[in-house]
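J.: What follows is final32.pdb, PDB, C-alpha atoms.
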```
ATOM      1  CA  MET A   1     151.822 -14.100 -64.972
ATOM      2  CA  ILE A   2     150.166 -17.037 -63.790
ATOM      3  CA  HIS A   3     147.991 -14.920 -61.990
ATOM      4  CA  THR A   4     146.923 -13.089 -65.119
ATOM      5  CA  THR A   5     146.370 -16.287 -67.090
ATOM      6  CA  THR A   6     144.130 -17.740 -64.464
ATOM      7  CA  TYR A   7     142.364 -14.476 -64.340
ATOM      8  CA  LEU A   8     141.783 -14.609 -68.085
ATOM      9  CA  ALA A   9     140.636 -18.220 -67.919
ATOM     10  CA  ALA A  10     138.316 -17.398 -65.068
ATOM     11  CA  GLU A  11     137.042 -14.468 -67.040
ATOM     12  CA  GLU A  12     136.221 -16.713 -69.963
ATOM     13  CA  GLN A  13     134.335 -19.048 -67.712
ATOM     14  CA  ILE A  14     132.146 -16.461 -66.059
ATOM     15  CA  ASN A  15     130.767 -14.865 -69.177
ATOM     16  CA  PRO A  16     127.042 -14.743 -68.536
ATOM     17  CA  ILE A  17     126.081 -14.509 -72.182
ATOM     18  CA  ILE A  18     127.524 -17.814 -73.288
ATOM     19  CA  PRO A  19     126.267 -20.730 -71.189
ATOM     20  CA  LEU A  20     128.252 -23.809 -70.473
ATOM     21  CA  TRP A  21     127.602 -26.726 -72.787
ATOM     22  CA  GLN A  22     126.708 -28.964 -69.820
ATOM     23  CA  GLU A  23     123.968 -26.546 -68.784
ATOM     24  CA  VAL A  24     122.629 -26.466 -72.322
ATOM     25  CA  VAL A  25     122.478 -30.271 -72.475
ATOM     26  CA  LEU A  26     120.932 -30.491 -69.018
ATOM     27  CA  GLY A  27     118.359 -27.802 -69.932
ATOM     28  CA  PHE A  28     117.550 -29.603 -73.190
ATOM     29  CA  VAL A  29     117.056 -32.965 -71.377
ATOM     30  CA  ALA A  30     114.887 -31.319 -68.709
ATOM     31  CA  PHE A  31     112.855 -29.576 -71.411
ATOM     32  CA  ALA A  32     112.418 -32.893 -73.284
ATOM     33  CA  VAL A  33     111.262 -34.670 -70.109
ATOM     34  CA  VAL A  34     108.820 -31.896 -69.225
ATOM     35  CA  ALA A  35     107.527 -31.776 -72.836
ATOM     36  CA  TRP A  36     107.140 -35.566 -72.915
ATOM     37  CA  VAL A  37     105.215 -35.558 -69.566
ATOM     38  CA  LEU A  38     103.019 -32.712 -70.790
ATOM     39  CA  MET A  39     102.296 -34.437 -74.115
ATOM     40  CA  LYS A  40     101.796 -37.864 -72.588
ATOM     41  CA  PHE A  41      99.646 -36.998 -69.557
ATOM     42  CA  VAL A  42      98.595 -33.365 -69.334
ATOM     43  CA  PHE A  43      97.690 -32.394 -72.908
ATOM     44  CA  PRO A  44      95.409 -35.457 -73.505
ATOM     45  CA  ARG A  45      93.532 -34.730 -70.280
ATOM     46  CA  MET A  46      93.244 -31.067 -71.212
ATOM     47  CA  GLU A  47      92.014 -32.053 -74.687
ATOM     48  CA  GLU A  48      89.500 -34.459 -73.144
ATOM     49  CA  THR A  49      88.267 -31.795 -70.741
ATOM     50  CA  PHE A  50      88.094 -29.251 -73.568
ATOM     51  CA  ARG A  51      86.120 -31.702 -75.764
ATOM     52  CA  ALA A  52      83.733 -32.474 -72.880
ATOM     53  CA  ARG A  53      83.201 -28.784 -72.290
ATOM     54  CA  VAL A  54      82.597 -28.147 -76.004
ATOM     55  CA  ASP A  55      80.159 -31.076 -76.125
ATOM     56  CA  ALA A  56      78.365 -29.785 -73.039
ATOM     57  CA  ILE A  57      78.089 -26.295 -74.488
ATOM     58  CA  GLU A  58      77.005 -27.490 -77.930
ATOM     59  CA  GLY A  59      74.639 -30.035 -76.362
ATOM     60  CA  GLY A  60      73.238 -27.310 -74.125
ATOM     61  CA  ILE A  61      72.694 -25.097 -77.140
ATOM     62  CA  LYS A  62      71.007 -27.956 -79.010
ATOM     63  CA  ARG A  63      68.843 -28.767 -76.018
ATOM     64  CA  ALA A  64      67.956 -25.092 -75.661
ATOM     65  CA  GLU A  65      67.035 -24.904 -79.356
ATOM     66  CA  GLU A  66      64.956 -28.089 -79.047
ATOM     67  CA  ALA A  67      63.285 -26.742 -75.911
ATOM     68  CA  GLN A  68      62.614 -23.448 -77.711
ATOM     69  CA  ALA A  69      61.128 -25.318 -80.674
ATOM     70  CA  GLU A  70      58.993 -27.418 -78.322
ATOM     71  CA  ALA A  71      57.902 -24.291 -76.452
ATOM     72  CA  ASN A  72      56.949 -22.618 -79.742
ATOM     73  CA  LYS A  73      55.021 -25.719 -80.796
ATOM     74  CA  THR A  74      53.231 -25.816 -77.442
ATOM     75  CA  LEU A  75      52.496 -22.084 -77.698
ATOM     76  CA  GLU A  76      50.940 -22.579 -81.143
ATOM     77  CA  GLN A  77      48.858 -25.472 -79.828
ATOM     78  CA  TYR A  78      47.767 -23.316 -76.898
ATOM     79  CA  ARG A  79      46.830 -20.479 -79.228
ATOM     80  CA  ALA A  80      44.889 -22.858 -81.468
ATOM     81  CA  GLN A  81      43.071 -24.291 -78.452
ATOM     82  CA  LEU A  82      42.384 -20.792 -77.161
ATOM     83  CA  ALA A  83      40.964 -19.719 -80.529
ATOM     84  CA  GLU A  84      38.860 -22.889 -80.633
ATOM     85  CA  ALA A  85      37.645 -22.255 -77.082
ATOM     86  CA  ARG A  86      36.726 -18.674 -77.976
ATOM     87  CA  THR A  87      34.839 -19.880 -81.047
ATOM     88  CA  GLU A  88      33.063 -22.501 -78.966
ATOM     89  CA  ALA A  89      32.222 -19.922 -76.291
ATOM     90  CA  ALA A  90      30.798 -17.580 -78.936
ATOM     91  CA  ARG A  91      28.743 -20.432 -80.392
ATOM     92  CA  ILE A  92      27.445 -21.396 -76.930
ATOM     93  CA  ARG A  93      26.619 -17.746 -76.196
ATOM     94  CA  ASP A  94      24.725 -17.454 -79.472
ATOM     95  CA  GLU A  95      22.862 -20.692 -78.797
ATOM     96  CA  ALA A  96      22.031 -19.497 -75.275
ATOM     97  CA  ARG A  97      20.714 -16.220 -76.658
ATOM     98  CA  ALA A  98      18.646 -18.084 -79.251
ATOM     99  CA  ASP A  99      17.369 -20.469 -76.569
ATOM    100  CA  ALA A 100      16.575 -17.552 -74.270
ATOM    101  CA  GLU A 101      14.699 -15.794 -77.070
ATOM    102  CA  GLY A 102      12.806 -19.026 -77.829
ATOM    103  CA  ILE A 103      11.946 -19.463 -74.147
ATOM    104  CA  ARG A 104      10.903 -15.818 -73.963
ATOM    105  CA  GLN A 105       8.633 -16.259 -76.978
ATOM    106  CA  ASP A 106       7.195 -19.467 -75.480
ATOM    107  CA  VAL A 107       6.573 -17.751 -72.147
ATOM    108  CA  LEU A 108       4.922 -14.793 -73.886
ATOM    109  CA  ALA A 109       2.764 -17.124 -75.987
ATOM    110  CA  LYS A 110       1.758 -19.116 -72.898
ATOM    111  CA  ALA A 111       1.050 -15.886 -71.024
ATOM    112  CA  ARG A 112      -1.131 -14.676 -73.895
ATOM    113  CA  GLU A 113      -2.945 -18.010 -74.008
ATOM    114  CA  GLU A 114      -3.420 -17.968 -70.232
ATOM    115  CA  SER A 115      -4.583 -14.356 -70.401
ATOM    116  CA  GLU A 116      -7.052 -15.188 -73.169
ATOM    117  CA  ARG A 117      -8.236 -18.260 -71.224
ATOM    118  CA  ILE A 118      -8.722 -16.158 -68.081
ATOM    119  CA  ILE A 119     -10.549 -13.465 -70.048
ATOM    120  CA  GLN A 120     -12.703 -16.114 -71.733
ATOM    121  CA  ALA A 121     -13.456 -17.741 -68.366
ATOM    122  CA  GLY A 122     -14.257 -14.300 -66.933
ATOM    123  CA  ASN A 123     -16.552 -13.509 -69.869
ATOM    124  CA  GLU A 124     -18.292 -16.865 -69.470
ATOM    125  CA  GLN A 125     -18.651 -16.276 -65.745
ATOM    126  CA  LEU A 126     -20.011 -12.783 -66.413
ATOM    127  CA  ALA A 127     -22.467 -14.199 -68.939
ATOM    128  CA  GLN A 128     -23.612 -16.830 -66.416
ATOM    129  CA  GLN A 129     -23.947 -14.221 -63.690
ATOM    130  CA  ARG A 130     -25.842 -11.975 -66.098
ATOM    131  CA  GLU A 131     -28.213 -14.810 -66.968
ATOM    132  CA  SER A 132     -28.615 -15.601 -63.276
ATOM    133  CA  ILE A 133     -29.277 -11.950 -62.452
ATOM    134  CA  LEU A 134     -31.719 -11.678 -65.378
ATOM    135  CA  ARG A 135     -33.593 -14.765 -64.127
ATOM    136  CA  GLU A 136     -33.734 -13.329 -60.632
ATOM    137  CA  LEU A 137     -34.826  -9.949 -61.984
ATOM    138  CA  ARG A 138     -37.502 -11.574 -64.156
ATOM    139  CA  SER A 139     -38.771 -13.506 -61.210
ATOM    140  CA  ASP A 140     -38.704 -10.461 -58.942
ATOM    141  CA  LEU A 141     -40.089  -8.263 -61.726
ATOM    142  CA  GLY A 142     -42.891 -10.742 -62.369
ATOM    143  CA  THR A 143     -43.816 -10.839 -58.720
ATOM    144  CA  LEU A 144     -43.668  -7.067 -58.435
ATOM    145  CA  ALA A 145     -45.649  -6.652 -61.656
ATOM    146  CA  VAL A 146     -48.373  -9.007 -60.431
ATOM    147  CA  ASP A 147     -48.535  -7.232 -57.081
ATOM    148  CA  LEU A 148     -48.620  -3.848 -58.773
ATOM    149  CA  ALA A 149     -51.210  -4.972 -61.306
ATOM    150  CA  GLY A 150     -53.289  -6.419 -58.474
ATOM    151  CA  LYS A 151     -53.190  -3.107 -56.660
ATOM    152  CA  ILE A 152     -54.039  -1.202 -59.811
ATOM    153  CA  VAL A 153     -56.846  -3.514 -60.891
ATOM    154  CA  GLY A 154     -58.050  -3.934 -57.377
ATOM    155  CA  GLU A 155     -58.268  -7.672 -57.381
ATOM    156  CA  SER A 156     -55.841 -10.362 -56.458
ATOM    157  CA  LEU A 157     -54.071 -12.144 -59.248
ATOM    158  CA  ALA A 158     -53.487 -15.274 -57.290
ATOM    159  CA  ASP A 159     -53.706 -17.651 -60.113
ATOM    160  CA  GLU A 160     -50.080 -18.631 -60.607
ATOM    161  CA  ALA A 161     -50.318 -19.936 -64.147
ATOM    162  CA  ARG A 162     -52.091 -16.898 -65.373
ATOM    163  CA  SER A 163     -49.732 -14.542 -63.591
ATOM    164  CA  ARG A 164     -46.726 -16.351 -65.019
ATOM    165  CA  GLY A 165     -48.067 -16.092 -68.533
ATOM    166  CA  THR A 166     -48.763 -12.408 -68.039
ATOM    167  CA  VAL A 167     -45.330 -11.780 -66.593
ATOM    168  CA  GLU A 168     -43.582 -13.721 -69.353
ATOM    169  CA  ARG A 169     -45.482 -11.814 -72.027
ATOM    170  CA  PHE A 170     -44.661  -8.502 -70.321
ATOM    171  CA  ILE A 171     -40.926  -9.358 -70.069
ATOM    172  CA  ASN A 172     -40.823 -10.501 -73.686
ATOM    173  CA  GLU A 173     -42.464  -7.273 -74.749
ATOM    174  CA  LEU A 174     -39.875  -5.325 -72.729
ATOM    175  CA  GLY A 175     -37.042  -7.369 -74.280
ATOM    176  CA  ALA A 176     -38.432  -6.806 -77.789
ATOM    177  CA  ALA A 177     -38.871  -3.088 -77.149
ATOM    178  CA  GLY A 178     -35.302  -2.883 -75.760
ATOM    179  CA  SER A 179     -33.946  -4.750 -78.798
ATOM    180  CA  ALA A 180     -35.919  -2.588 -81.233
ATOM    181  CA  GLY A 181     -34.738   0.566 -79.435
ATOM    182  CA  GLY A 182     -31.103  -0.673 -79.488
ATOM    183  CA  ARG A 183     -31.238  -1.293 -83.269
ATOM    184  CA  ARG A 184     -32.326   2.231 -84.135
TER
END
```
Just dump the structure as structure tokens.
T.:
Amino acid sequence: MIHTTTYLAAEEQINPIIPLWQEVVLGFVAFAVVAWVLMKFVFPRMEETFRARVDAIEGGIKRAEEAQAEANKTLEQYRAQLAEARTEAARIRDEARADAEGIRQDVLAKAREESERIIQAGNEQLAQQRESILRELRSDLGTLAVDLAGKIVGESLADEARSRGTVERFINELGAAGSAGGRR
């Protein structure tokens, strides 16, 4: 029977469902030590790391929002400057066109004036040449008329003063006849 009693006592001891009280106490003490170490050293460092990460993320988001706002502000300034530059370019183009038109008008006016001056100078030169040719023709005509009259009359008209008076009278009569014929 002893053998059966020890077997029953050994059977009670080996039951895997009910742990020994010493193991429970030892497990509880080990759990308390591990929990205390975790709470004292590990969890604060994890919390600090978590807070730093949250701050970095939130700070990054804030910085990104600020950078976006700054970029939008800069974009608006750029657009305003671009619009101002376009307006200025249009104004300069219009002024250049107006200046070009003014210069064109000035050049045309100067060209007309120069053309009129050249025409006037040409007309004056023609009038002078005409007068010169008329004088030469009168002189040649007078000499030819005297020679012809001398041949017709048969005597020499050598007297210069008399021949000049005759020639002048003849030319004046021709001029008056030409003028009277031109008026009809």
J.: Provide the CA of Gln81 in chain A to CA of Glu65 in chain A distance in Å, to one decimal place.
T.: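 CA of Glu65 in chain A lies 24.0 Å from CA of Gln81 in chain A.
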J.: In Å, rounded to a single decimal, give me how far CA of Met46 in chain A is from CA of Gly59 in chain A.
T.: 19.3 Å
J.: Find the distance between CA of Val42 in chain A and CA of Val25 in chain A and write it in Å to one decimal.
T.: 24.3 Å
J.: Might I get the box with edges along x, y and z of the file that holds all atoms of range 13-22 of chain A listed there, padded by 3 Å on every side, given as centre and edge lengths in Å to one decimal, as AutoDock Vina command-line options?
T.:
```
--center_x 130.2 --center_y -21.7 --center_z -69.7 --size_x 14.3 --size_y 20.5 --size_z 13.2
```
J.: Determine the residue set returned by the PyMOL selection byres ((chain A and resi 145) around 12) for the present structure, and present it as a ChimeraX atom specification.
T.: /A:137-144,146-153,157,163-171
